[in-house]
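Visitor: My questions all concern the structure below.
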Amino acid sequence: MTESSAPSPGRDASEGDNPLRDPRDRRLPLVAGPSSMVMFGVTGDLARKKLLPAIYDLTHRGLLPPSFGLVGYGRRDWSDEDFAEYVRKNVEEFCRTGFSESVFEQLRGGLRFVTGTFDDPEAFERLTEVVGELDRTRGTGGNHAFYLSIPPDAFPLVCEQLANSGLNTPRDGSWRRVVIEKPFGHDLESAKELNDVVEKVFRPEDVFRIDHYLGKETVQNILALRFANQLYEPIWNANYVDHVQITMAEDIGIGSRAGYYDGIGTARDVIQNHLLQLMALTAMEEPVSFRASDLRAEKEKVLAAIELPEDLSLHTARGQYVGGWQGGEEVRPYLEEDGIPADSTTETFAAMRLDVANRRWAGVPFYLRAGKRLGRRVTEIAVVFKRAPFLPFRSTDTADLGQNAIVIRVQPDEGVTIRFGSKVPGTQMEVRDVTMDFAYGMNFTEESPEAYERLILDMLLGDPPLFPRQKEVELSWQVLDPITAYWAENLDPAPYRPGTWGPDTAHEMLARDGRTWRRP
Amino acid sequence: MITTLTDTTASALAKKMNEMRETFGATTLGRVLTLIIVATGDDIDEPLKAAVQASHEHPARVIVVDAEPDAEESGLDGEIRVGRDAGAGEIIILRARGESMSALDTLVMPMLLPDAPIVTWWPEHAPSSPAHDVLGTMAQRRITDAAACSEPLATLKRLRRGYVSGDSDLAWSRLTNWRGLVASLYEIPPVATPTSVEVMGAEGDPSVVLMAAWLQSALGSEVSIEAPTGDEAGRPGLLGVRLHRPDGVIGLHRNGEDTVELTLPGDDSGQHVTMPQRSLYELLAEELRRLDPDQVYSEVLTHAFSGIDDAATYATGKPEPTDVVGADAQAVAATAAADAARELAAALEERPAAHLVVTGGSVGTAAAAALPAALAEAGVDVSRLHLWWGDERFVGADDADRNEVQVRKSLVEPLTAAGLPARNLHVMPSTADGMSLADAAAWYGQQLDAAGGDAPFRTRGEAFFDVLWLGMGPDGHVASLFPEHPAQRTFGVSAVAVEDSPKPPPERISLTWPVLNSARHVGLLVAGAEKAEAAANGHREIDPWSVPASSVRGLESTTWYLDEAAAQQS
């Protein structure tokens, strides 16, 4: 290796041009290359509580390059110092790895702020200058990511400004990337429009859609569990699986998200992205490899194979929480939350049955449910197996025996549980359900990073497997659009008590199929 | 909860632990690995604290093996910690006394988690070949810490010789953050391979050496080590790296416990980078994260010490051999026995124990027979003498082919009667010991290493044995290292299994080159005209592959004890 080798355009330096990054060197931390990030919407809740702390935590873990630059863009009339103070305040409050003055000092050297509105071309001129200054003084190398932590209706404006100021166009050997957060539209049509806006300005492979769920360890562990083991795959099909339940429950209300939440509702908020992604990972066929394109191909296939129930009134449920006492505190009904119109028909609970029309899953319903103000905060995938076809016991022996299940807990305590029957010790033959539980490591270890840390780092490294592509987004909307359309016409949300597992209609929906929701 | 058991057995400990876990209600916790900490005589508090912390990330069963080889009474004490005192794992501390040490593997065996991977860690005192250590051979991952040993660089070099994939050293994990940073700095445009690189740090520091080797092997650039001067002289670890590129210098310099200063081409203002020195816990946690072999480490280690694979290196640089010629085999044997007795007596003046390696063959057997009387005459305290064998036929315990059987009546029994303790008699295993040939050789090597020979065996200028006797065959072989036989190629272990020996019986155990070359005084006992040519060749240049007899040298002396017939051509 004697000649210098500049990274070829469009290809990331971390992919093999650097002789110091040996792919076999699994120990070497994947430190992002020289780069900076421009953040729009830096004063928002997400930026305050998640993004800024994640950037700090990455710095603390030594995974950002020393020269990393972070540019805030917003209306506030802030100097760089004001911005630095703002970052410090939020990092101190929300960081995961503990605040250290020395780490912040390192980050601080690369903090800049540009004051401006989204429609102010002069401010974008200033932004261009600041970014260029970072290239010169910090060595960010012309690599810049734009994080749009802003409402989707502002996307067209910002993208247009970025294009006009030339910020979207990389020089030779460098990259420009854009990060957008869910919601990726609110139906198929709007998702397409949104995408057109972004992809007019950035190349498709430079658009990173953040679904923070996909950055979670357990979600990636689904792939390991399924495809690294011999044990599960043979029974992972309609021959043995009775049904699958995917639950994403929150015990809190909508909080300060009224402005966004009302009119969107639970189905669009989380089912379209998180739950359908979890379902796709659970149901997909084995990918050819774990390359992003191969993974996506399988996910897209299974999303395209999803079938809706014929009668949506029987197999979907929709709810809205009322007020009352929940776990020791009195909570307001949804309709009295700040900023919610008293006649809102937005759902805070959604449940639906989906089927997958392929050989592996024919006849196995996937039940998805999500909601606010439910019994506890939990996200899990439960694969429930059929009963054994014959039991050589007296029926009283097996009275307590349920169905075997494999439960993948995504949060809060990530892990896997297997439920099976076991004899109760004693002279009587009595079989009862027991659980076997595995939790790898604990949440406070260095190796269980926040999903945002993982995703921001992957984005800076140009490593795409964990980011959904537009095709997946569109397929998800295709699944959901008929349901939300039906609901808007025919089904108002049913009320449910806060702290319970949703409205009666949800329980009836499963009872119709002769099943019950498991208590997560 | 802590429970202590004295004078117990491994199975009693295992049973007690199960009881404690049931009482504690911690019966269903998942454990991902067993971590064995080998801390013979060392302080175990620090490593244990690190292991407890690391257990939060890698729930582990931790077995600490502490040993007192010189204890009067042989036996085992144990301590079990579960619950609050053991983090997210459980801890068993084993204190082996005396002879229970000779089977350390059976001490930990009942405590190992079924199926789960085993990691063995030597916080200090690294064995030269962790993979062949009695507690290392069962592990998937073997972690040493050269920097914590008394001679860090020499230790790393020994580890290089004994390297087997799956070995790892904390000197390497201490570099991880540095390496990540340097790899990312390489990408600062305009990207160009550095023309030269400087690595700052003490030359004797293993991390500094590994960093230089890594950069050199990956970049192909010229890499030099720059020792710190002034205030920084004597500071341990890596202190900085400078990459010289056409556009200027990218420099990193540690300016504090937690910080590094970065200078870029065209910007020497000194950017502040946080990179705290890593704690033992972080190093251990990183090691436990991946249990597959670290190929990059292997290559870097090889790169750091190249050209040390030649068996001749063990014999070179020592005094030239001298000849003692006697009339016949009997006379030769008597002289050799008298010399040996005198040297052993001298050794015992200086050290608590003396080690003698005996051999078979006609002269060897005769010399052994002459030894009890010679020892008595020289006033040697036989109770402090250790008896080893240079090689052995792997046959039945009482087979007349065995070197030990040949000297049992004449040497072993008289010495035992004179007070040689049974534990000082290190007979090579026979087929009656229930081990395969490979296991038997490994076991004998482990006994040698455990007796304290490990470092001297693989370090130049040191010796473990006081007197080492060897016979020689007409083909020039010594011990069971035959000319051009592949068994000669084994350096990492102390004893090698020899198959397809050109001389029957085909299966043997032999000491290896580094071990044969680890004596103060070497005596080659040779008689008979048929060996004259080989003896003459043995006097020429050191050439282990074709003439094994040329390649064993004592640190202080090498003597050819020849009868007249054998000395004809020398």
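All residue names refer to the structure tokens as shown: chains lettered A, B, ... in order, residues numbered from 1 in each chain, ligands numbered from 1 in order.
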Which polymer residues have any atom within 8 Å of an atom of Leu524 in chain B, counting only C-alpha atoms, with same-chain residues fewer than 4 positions away left out, as a VMD selection string?
Guide: chain B and resid 469 to 472 558 to 561
Visitor: Please provide the set of residues having any atom within 8 Å of Ala567 in chain B, restricted to only C-alpha atoms, with same-chain residues fewer than 4 positions apart removed, written as a list of chain:residue names.
Guide: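 Those residues are B:Val325, B:Ala529, B:Ala532, B:Ala535, B:Ala536, B:Leu562, B:Asp563.
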Visitor: Those same residues - N, CA and C atoms - I'd like them written as an mmCIF file, in the first residue's frame.
Guide:
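selection-v3.cif, freshly written:
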```cif
data_model
loop_
_atom_site.group_PDB
_atom_site.id
_atom_site.type_symbol
_atom_site.label_atom_id
_atom_site.label_comp_id
_atom_site.auth_asym_id
_atom_site.auth_seq_id
_atom_site.Cartn_x
_atom_site.Cartn_y
_atom_site.Cartn_z
ATOM 1 N N VAL B 325 36.828 -36.625 28.390
ATOM 2 C CA VAL B 325 36.934 -37.951 27.795
ATOM 3 C C VAL B 325 37.403 -38.949 28.845
ATOM 4 N N ALA B 529 31.750 -46.351 19.643
ATOM 5 C CA ALA B 529 32.288 -45.887 18.365
ATOM 6 C C ALA B 529 31.194 -45.512 17.388
ATOM 7 N N ALA B 532 30.504 -41.877 17.297
ATOM 8 C CA ALA B 532 31.619 -40.943 17.127
ATOM 9 C C ALA B 532 31.312 -39.867 16.092
ATOM 10 N N ALA B 535 28.790 -37.420 17.394
ATOM 11 C CA ALA B 535 29.398 -36.552 18.410
ATOM 12 C C ALA B 535 30.222 -35.464 17.737
ATOM 13 N N ALA B 536 30.932 -35.861 16.675
ATOM 14 C CA ALA B 536 31.730 -34.862 15.960
ATOM 15 C C ALA B 536 30.830 -33.797 15.349
ATOM 16 N N LEU B 562 32.515 -38.096 27.036
ATOM 17 C CA LEU B 562 32.707 -39.085 25.972
ATOM 18 C C LEU B 562 33.671 -40.171 26.420
ATOM 19 N N ASP B 563 33.402 -41.377 25.973
ATOM 20 C CA ASP B 563 34.463 -42.369 26.143
ATOM 21 C C ASP B 563 35.385 -42.277 24.930
#
```
Visitor: Run DSSP on the backbone and give me the residues of range 333-518 of chain B it puts in helix (DSSP H, G or I), as a PyMOL selection string.
Guide: chain B and resi 333-350+361-378+382-384+403-417+422-424+431-433+437-457+486-489+513-516
Visitor: Could you save those same residues with C-alpha atoms as a CSV table (one decimal), in the first residue's frame?
Guide:
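The resulting part_27.csv:
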```csv
chain,number,residue,atom,x,y,z
B,333,ALA,CA,29.4,-42.1,34.0
B,334,ALA,CA,31.3,-41.7,37.3
B,335,THR,CA,32.8,-38.4,36.2
B,336,ALA,CA,29.5,-37.1,35.1
B,337,ALA,CA,27.8,-38.1,38.4
B,338,ALA,CA,30.5,-36.5,40.5
B,339,ASP,CA,30.3,-33.2,38.4
B,340,ALA,CA,26.5,-33.2,38.7
B,341,ALA,CA,26.6,-33.8,42.4
B,342,ARG,CA,29.0,-30.9,42.9
B,343,GLU,CA,26.8,-28.5,40.8
B,344,LEU,CA,23.7,-29.5,42.6
B,345,ALA,CA,25.3,-29.0,45.9
B,346,ALA,CA,26.4,-25.5,44.7
B,347,ALA,CA,22.8,-24.8,43.5
B,348,LEU,CA,21.4,-25.7,46.9
B,349,GLU,CA,23.7,-23.2,48.5
B,350,GLU,CA,22.0,-20.4,46.6
B,361,GLY,CA,20.7,-45.0,27.5
B,362,SER,CA,23.8,-46.9,28.6
B,363,VAL,CA,25.8,-44.0,30.0
B,364,GLY,CA,22.8,-42.2,31.3
B,365,THR,CA,21.7,-45.3,33.3
B,366,ALA,CA,25.2,-45.9,34.6
B,367,ALA,CA,25.6,-42.2,35.6
B,368,ALA,CA,22.2,-42.4,37.4
B,369,ALA,CA,23.4,-45.5,39.3
B,370,ALA,CA,26.5,-43.6,40.3
B,371,LEU,CA,24.6,-40.6,41.5
B,372,PRO,CA,23.2,-41.6,44.9
B,373,ALA,CA,26.7,-42.2,46.2
B,374,ALA,CA,28.1,-39.0,44.6
B,375,LEU,CA,25.2,-36.9,46.0
B,376,ALA,CA,25.9,-38.3,49.5
B,377,GLU,CA,29.6,-37.5,49.1
B,378,ALA,CA,28.9,-34.0,48.0
B,382,VAL,CA,18.1,-34.8,48.8
B,383,SER,CA,14.9,-33.6,50.3
B,384,ARG,CA,15.3,-30.4,48.3
B,403,ASN,CA,13.9,-44.5,31.1
B,404,GLU,CA,12.4,-44.3,34.5
B,405,VAL,CA,12.2,-48.1,34.9
B,406,GLN,CA,15.9,-48.3,33.9
B,407,VAL,CA,16.9,-46.1,36.8
B,408,ARG,CA,14.2,-47.0,39.3
B,409,LYS,CA,16.3,-49.5,41.3
B,410,SER,CA,19.5,-47.7,41.0
B,411,LEU,CA,18.5,-44.1,41.4
B,412,VAL,CA,14.8,-43.5,42.4
B,413,GLU,CA,14.6,-46.0,45.2
B,414,PRO,CA,17.9,-45.1,46.9
B,415,LEU,CA,17.1,-41.4,46.7
B,416,THR,CA,13.6,-41.9,48.0
B,417,ALA,CA,15.1,-43.8,50.9
B,422,ALA,CA,7.4,-38.1,46.3
B,423,ARG,CA,6.1,-34.8,45.1
B,424,ASN,CA,9.7,-33.9,43.9
B,431,THR,CA,-0.1,-45.4,29.2
B,432,ALA,CA,-1.3,-46.5,32.7
B,433,ASP,CA,-2.1,-42.9,33.7
B,437,LEU,CA,-0.2,-39.2,24.3
B,438,ALA,CA,-1.1,-35.6,23.5
B,439,ASP,CA,-2.7,-35.1,26.9
B,440,ALA,CA,0.2,-36.8,28.7
B,441,ALA,CA,2.7,-34.5,27.0
B,442,ALA,CA,0.6,-31.4,27.7
B,443,TRP,CA,0.2,-32.5,31.3
B,444,TYR,CA,3.9,-32.9,31.8
B,445,GLY,CA,4.6,-29.5,30.2
B,446,GLN,CA,2.1,-28.0,32.6
B,447,GLN,CA,3.8,-29.6,35.6
B,448,LEU,CA,7.1,-28.0,34.4
B,449,ASP,CA,5.5,-24.6,33.9
B,450,ALA,CA,3.7,-24.8,37.2
B,451,ALA,CA,7.0,-25.6,39.0
B,452,GLY,CA,8.2,-22.2,37.9
B,453,GLY,CA,10.0,-23.0,34.8
B,454,ASP,CA,7.6,-21.2,32.5
B,455,ALA,CA,9.4,-17.9,32.2
B,456,PRO,CA,13.0,-19.2,32.4
B,457,PHE,CA,12.1,-21.7,29.7
B,486,PRO,CA,8.3,-32.5,12.9
B,487,ALA,CA,8.1,-32.7,16.7
B,488,GLN,CA,11.1,-30.4,16.7
B,489,ARG,CA,8.9,-27.6,15.4
B,513,TRP,CA,13.9,-26.9,22.5
B,514,PRO,CA,13.3,-23.9,24.8
B,515,VAL,CA,13.1,-26.2,27.8
B,516,LEU,CA,16.2,-28.3,26.9
```
Visitor: For CA of His507 in chain A and CA of Pro520 in chain A, determine how far apart the two atoms are, in Å to one decimal place.
Guide: 14.3 Å
Visitor: At a cut-off of 9 Å, using only C-alpha atoms, what residues contact range 102-110 of chain B? Leave out same-chain residues fewer than 6 positions from it and give the result as a PDB file with N, CA and C atoms, in the first residue's frame.
Guide:
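Once everything was written out, this is result-v3.pdb:
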```pdb
ATOM      1  N   THR B   9     -13.780 -30.072  49.046  1.00  0.00           N
ATOM      2  CA  THR B   9     -13.520 -30.600  47.706  1.00  0.00           C
ATOM      3  C   THR B   9     -14.305 -29.767  46.709  1.00  0.00           C
ATOM      4  N   ALA B  10     -13.922 -29.890  45.447  1.00  0.00           N
ATOM      5  CA  ALA B  10     -14.589 -29.122  44.415  1.00  0.00           C
ATOM      6  C   ALA B  10     -16.058 -29.491  44.331  1.00  0.00           C
ATOM      7  N   SER B  11     -16.375 -30.775  44.500  1.00  0.00           N
ATOM      8  CA  SER B  11     -17.768 -31.160  44.340  1.00  0.00           C
ATOM      9  C   SER B  11     -18.602 -30.669  45.527  1.00  0.00           C
ATOM     10  N   LEU B  13     -18.034 -27.892  47.034  1.00  0.00           N
ATOM     11  CA  LEU B  13     -18.226 -26.468  46.741  1.00  0.00           C
ATOM     12  C   LEU B  13     -19.352 -26.268  45.739  1.00  0.00           C
ATOM     13  N   ALA B  14     -19.341 -27.103  44.702  1.00  0.00           N
ATOM     14  CA  ALA B  14     -20.370 -26.974  43.674  1.00  0.00           C
ATOM     15  C   ALA B  14     -21.751 -27.207  44.275  1.00  0.00           C
ATOM     16  N   ILE B  36     -12.495 -17.680  34.400  1.00  0.00           N
ATOM     17  CA  ILE B  36     -11.534 -18.200  35.375  1.00  0.00           C
ATOM     18  C   ILE B  36     -10.438 -17.162  35.553  1.00  0.00           C
ATOM     19  N   ILE B  63     -14.629 -17.839  38.552  1.00  0.00           N
ATOM     20  CA  ILE B  63     -13.877 -18.762  39.407  1.00  0.00           C
ATOM     21  C   ILE B  63     -12.469 -18.200  39.579  1.00  0.00           C
ATOM     22  N   VAL B  65      -8.833 -18.800  40.906  1.00  0.00           N
ATOM     23  CA  VAL B  65      -7.965 -19.884  41.333  1.00  0.00           C
ATOM     24  C   VAL B  65      -6.721 -19.287  41.972  1.00  0.00           C
ATOM     25  N   LEU B  76      -7.769 -28.180  49.731  1.00  0.00           N
ATOM     26  CA  LEU B  76      -8.478 -27.124  49.019  1.00  0.00           C
ATOM     27  C   LEU B  76      -9.373 -26.360  49.993  1.00  0.00           C
ATOM     28  N   LEU B  94     -11.144 -20.377  44.824  1.00  0.00           N
ATOM     29  CA  LEU B  94     -10.539 -21.658  45.179  1.00  0.00           C
ATOM     30  C   LEU B  94      -9.108 -21.406  45.635  1.00  0.00           C
ATOM     31  N   ALA B  96      -5.981 -23.549  46.360  1.00  0.00           N
ATOM     32  CA  ALA B  96      -5.425 -24.899  46.308  1.00  0.00           C
ATOM     33  C   ALA B  96      -4.102 -24.898  47.047  1.00  0.00           C
ATOM     34  N   VAL B 134      -2.692 -25.351  31.989  1.00  0.00           N
ATOM     35  CA  VAL B 134      -3.716 -26.311  32.397  1.00  0.00           C
ATOM     36  C   VAL B 134      -5.102 -25.665  32.467  1.00  0.00           C
ATOM     37  N   LEU B 135      -5.151 -24.390  32.860  1.00  0.00           N
ATOM     38  CA  LEU B 135      -6.442 -23.714  32.916  1.00  0.00           C
ATOM     39  C   LEU B 135      -6.742 -22.936  31.637  1.00  0.00           C
ATOM     40  N   MET B 138      -8.544 -25.263  28.420  1.00  0.00           N
ATOM     41  CA  MET B 138      -9.978 -25.510  28.353  1.00  0.00           C
ATOM     42  C   MET B 138     -10.756 -24.278  27.899  1.00  0.00           C
ATOM     43  N   GLN B 446       2.721 -28.833  31.593  1.00  0.00           N
ATOM     44  CA  GLN B 446       2.070 -27.981  32.585  1.00  0.00           C
ATOM     45  C   GLN B 446       2.714 -28.129  33.955  1.00  0.00           C
ATOM     46  N   GLN B 447       3.134 -29.366  34.276  1.00  0.00           N
ATOM     47  CA  GLN B 447       3.806 -29.566  35.560  1.00  0.00           C
ATOM     48  C   GLN B 447       5.111 -28.775  35.600  1.00  0.00           C
ATOM     49  N   ALA B 450       4.242 -25.102  35.863  1.00  0.00           N
ATOM     50  CA  ALA B 450       3.723 -24.768  37.180  1.00  0.00           C
ATOM     51  C   ALA B 450       4.838 -24.775  38.222  1.00  0.00           C
TER      52      ALA B 450
END
```
Visitor: For range 111-127 of chain B, find every residue with an atom within 6 Å (counting only C-alpha atoms), except residues of its own chain fewer than 3 positions away, and show them as a PyMOL selection string.
Guide: chain B and resi 14+33-38+108+130+136+139-145+148-149
Visitor: With C-alpha atoms retained, could you export that selection as a JSON list (two decimals), in the first residue's frame?
Guide:
```
[["chain", "number", "residue", "atom", "x", "y", "z"],
["B", 14, "ALA", "CA", -20.37, -26.97, 43.67],
["B", 33, "LEU", "CA", -19.80, -17.61, 30.28],
["B", 34, "THR", "CA", -17.42, -18.88, 32.92],
["B", 35, "LEU", "CA", -14.54, -16.58, 33.73],
["B", 36, "ILE", "CA", -11.53, -18.20, 35.37],
["B", 37, "ILE", "CA", -9.16, -15.77, 37.04],
["B", 38, "VAL", "CA", -5.78, -17.30, 37.69],
["B", 108, "VAL", "CA", -12.59, -26.04, 38.40],
["B", 130, "PRO", "CA", -1.75, -19.62, 27.65],
["B", 136, "GLY", "CA", -5.92, -22.09, 29.53],
["B", 139, "ALA", "CA", -10.76, -21.88, 27.46],
["B", 140, "GLN", "CA", -12.00, -20.33, 24.23],
["B", 141, "ARG", "CA", -10.44, -17.03, 25.15],
["B", 142, "ARG", "CA", -7.25, -16.52, 27.10],
["B", 143, "ILE", "CA", -6.46, -13.08, 28.42],
["B", 144, "THR", "CA", -3.06, -12.03, 29.70],
["B", 145, "ASP", "CA", -1.68, -8.66, 30.72],
["B", 148, "ALA", "CA", 1.27, -6.16, 34.64],
["B", 149, "CYS", "CA", 4.11, -8.68, 34.54]]
```
Visitor: Env of Gln272 in chain A: 10 Å cut, atoms = only C-alpha atoms, seq-sep filter 6 positions within chain, self excluded. Answer as a PyMOL selection string.
Guide: chain A and resi 182-184+186-187+266+473-481
Visitor: Show me, as JSON lines, the residues of chain B having an atom within 9 Å of chain A, each with the closest atom pair and its distance in Å, using only C-alpha atoms.
Guide:
```
{"residue": "B:Thr28", "atom": "CA", "partner": "A:Met436", "partner_atom": "CA", "distance": 7.5}
{"residue": "B:Leu29", "atom": "CA", "partner": "A:Phe438", "partner_atom": "CA", "distance": 7.4}
{"residue": "B:Gly30", "atom": "CA", "partner": "A:Phe438", "partner_atom": "CA", "distance": 5.8}
{"residue": "B:Arg31", "atom": "CA", "partner": "A:Tyr440", "partner_atom": "CA", "distance": 8.7}
{"residue": "B:Val32", "atom": "CA", "partner": "A:Tyr440", "partner_atom": "CA", "distance": 8.2}
{"residue": "B:Ala54", "atom": "CA", "partner": "A:Thr445", "partner_atom": "CA", "distance": 8.9}
{"residue": "B:Ser55", "atom": "CA", "partner": "A:Gly441", "partner_atom": "CA", "distance": 8.0}
{"residue": "B:His56", "atom": "CA", "partner": "A:Gly441", "partner_atom": "CA", "distance": 5.8}
{"residue": "B:Glu57", "atom": "CA", "partner": "A:Gly441", "partner_atom": "CA", "distance": 4.3}
{"residue": "B:His58", "atom": "CA", "partner": "A:Gly441", "partner_atom": "CA", "distance": 5.7}
{"residue": "B:Pro59", "atom": "CA", "partner": "A:Gly441", "partner_atom": "CA", "distance": 6.6}
{"residue": "B:Ala88", "atom": "CA", "partner": "A:Gly441", "partner_atom": "CA", "distance": 8.9}
{"residue": "B:Ser173", "atom": "CA", "partner": "A:Arg27", "partner_atom": "CA", "distance": 8.2}
{"residue": "B:Thr176", "atom": "CA", "partner": "A:Leu28", "partner_atom": "CA", "distance": 5.9}
{"residue": "B:Asn177", "atom": "CA", "partner": "A:Pro29", "partner_atom": "CA", "distance": 7.0}
{"residue": "B:Arg179", "atom": "CA", "partner": "A:Leu28", "partner_atom": "CA", "distance": 6.7}
{"residue": "B:Gly180", "atom": "CA", "partner": "A:Pro29", "partner_atom": "CA", "distance": 5.2}
{"residue": "B:Leu181", "atom": "CA", "partner": "A:Val31", "partner_atom": "CA", "distance": 6.9}
{"residue": "B:Val182", "atom": "CA", "partner": "A:Leu20", "partner_atom": "CA", "distance": 8.2}
{"residue": "B:Ala183", "atom": "CA", "partner": "A:Leu20", "partner_atom": "CA", "distance": 5.4}
{"residue": "B:Ser184", "atom": "CA", "partner": "A:Gly33", "partner_atom": "CA", "distance": 5.1}
{"residue": "B:Leu185", "atom": "CA", "partner": "A:Gly33", "partner_atom": "CA", "distance": 7.4}
{"residue": "B:Tyr186", "atom": "CA", "partner": "A:Asn18", "partner_atom": "CA", "distance": 7.3}
{"residue": "B:Glu187", "atom": "CA", "partner": "A:Gly33", "partner_atom": "CA", "distance": 6.2}
{"residue": "B:Ile188", "atom": "CA", "partner": "A:Pro34", "partner_atom": "CA", "distance": 6.0}
{"residue": "B:Pro189", "atom": "CA", "partner": "A:Gly141", "partner_atom": "CA", "distance": 5.7}
{"residue": "B:Pro190", "atom": "CA", "partner": "A:Ala6", "partner_atom": "CA", "distance": 7.1}
{"residue": "B:Val191", "atom": "CA", "partner": "A:Ala6", "partner_atom": "CA", "distance": 5.3}
{"residue": "B:Ala192", "atom": "CA", "partner": "A:Ser4", "partner_atom": "CA", "distance": 4.4}
{"residue": "B:Thr193", "atom": "CA", "partner": "A:Ser4", "partner_atom": "CA", "distance": 5.2}
{"residue": "B:Pro194", "atom": "CA", "partner": "A:Ser4", "partner_atom": "CA", "distance": 8.6}
{"residue": "B:Thr195", "atom": "CA", "partner": "A:Thr2", "partner_atom": "CA", "distance": 8.8}
{"residue": "B:Trp214", "atom": "CA", "partner": "A:Leu20", "partner_atom": "CA", "distance": 8.5}
{"residue": "B:Leu215", "atom": "CA", "partner": "A:Leu20", "partner_atom": "CA", "distance": 7.6}
{"residue": "B:Ala218", "atom": "CA", "partner": "A:Pro19", "partner_atom": "CA", "distance": 5.7}
{"residue": "B:Leu219", "atom": "CA", "partner": "A:Pro19", "partner_atom": "CA", "distance": 6.2}
{"residue": "B:Gly220", "atom": "CA", "partner": "A:Met1", "partner_atom": "CA", "distance": 6.3}
{"residue": "B:Ser221", "atom": "CA", "partner": "A:Thr2", "partner_atom": "CA", "distance": 8.0}
{"residue": "B:Asp258", "atom": "CA", "partner": "A:Ser102", "partner_atom": "CA", "distance": 7.8}
{"residue": "B:Thr259", "atom": "CA", "partner": "A:Ser102", "partner_atom": "CA", "distance": 7.5}
{"residue": "B:Leu262", "atom": "CA", "partner": "A:Pro66", "partner_atom": "CA", "distance": 7.9}
{"residue": "B:Leu264", "atom": "CA", "partner": "A:Gly139", "partner_atom": "CA", "distance": 7.9}
{"residue": "B:Gly266", "atom": "CA", "partner": "A:Thr137", "partner_atom": "CA", "distance": 8.5}
{"residue": "B:Asp267", "atom": "CA", "partner": "A:Thr137", "partner_atom": "CA", "distance": 7.0}
{"residue": "B:Gln271", "atom": "CA", "partner": "A:Gln106", "partner_atom": "CA", "distance": 7.5}
{"residue": "B:His272", "atom": "CA", "partner": "A:Gln106", "partner_atom": "CA", "distance": 5.3}
{"residue": "B:Val273", "atom": "CA", "partner": "A:Gln106", "partner_atom": "CA", "distance": 5.4}
{"residue": "B:Thr274", "atom": "CA", "partner": "A:Val103", "partner_atom": "CA", "distance": 5.4}
{"residue": "B:Met275", "atom": "CA", "partner": "A:Gly62", "partner_atom": "CA", "distance": 7.0}
{"residue": "B:Glu286", "atom": "CA", "partner": "A:Arg27", "partner_atom": "CA", "distance": 7.8}
{"residue": "B:Glu287", "atom": "CA", "partner": "A:Arg27", "partner_atom": "CA", "distance": 8.7}
{"residue": "B:Arg289", "atom": "CA", "partner": "A:Arg27", "partner_atom": "CA", "distance": 8.9}
{"residue": "B:Arg290", "atom": "CA", "partner": "A:Arg26", "partner_atom": "CA", "distance": 8.1}
{"residue": "B:Asp294", "atom": "CA", "partner": "A:Asp25", "partner_atom": "CA", "distance": 7.3}
{"residue": "B:Gln295", "atom": "CA", "partner": "A:Arg24", "partner_atom": "CA", "distance": 7.0}
{"residue": "B:Val296", "atom": "CA", "partner": "A:Asp25", "partner_atom": "CA", "distance": 5.8}
{"residue": "B:Tyr297", "atom": "CA", "partner": "A:Asp25", "partner_atom": "CA", "distance": 8.3}
```
Visitor: From a DSSP calculation on the backbone, collect every residue of range 270-472 of chain A in strand (DSSP E or B) and output the set as a PyMOL selection string.
Guide: chain A and resi 306-307+316-321+324-326+329-331+349-356+366-371+374+378-385+400+405-411+415-423+431-438
Visitor: Name the residues in contact with Leu374 in chain A at a cut-off of 6 Å, using only C-alpha atoms, excluding same-chain residues fewer than 2 positions from it; report them as number ranges by chain.
Guide: A: 249-251, 372, 376, 499-501
Visitor: May I have the residues from that selection written out with C-alpha atoms, as a PDB file, in the first residue's frame?
Guide:
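Result saved to again_33.pdb:
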```pdb
ATOM      1  CA  ALA A 249     -48.178  -0.218  25.007  1.00  0.00           C
ATOM      2  CA  GLU A 250     -47.446   3.026  26.756  1.00  0.00           C
ATOM      3  CA  ASP A 251     -48.731   3.916  30.199  1.00  0.00           C
ATOM      4  CA  LYS A 372     -51.562   5.125  25.182  1.00  0.00           C
ATOM      5  CA  ARG A 376     -47.832  -0.753  31.556  1.00  0.00           C
ATOM      6  CA  GLY A 499     -54.401   1.786  32.936  1.00  0.00           C
ATOM      7  CA  THR A 500     -56.292  -1.084  31.325  1.00  0.00           C
ATOM      8  CA  TRP A 501     -55.571  -3.049  28.162  1.00  0.00           C
TER       9      TRP A 501
END
```
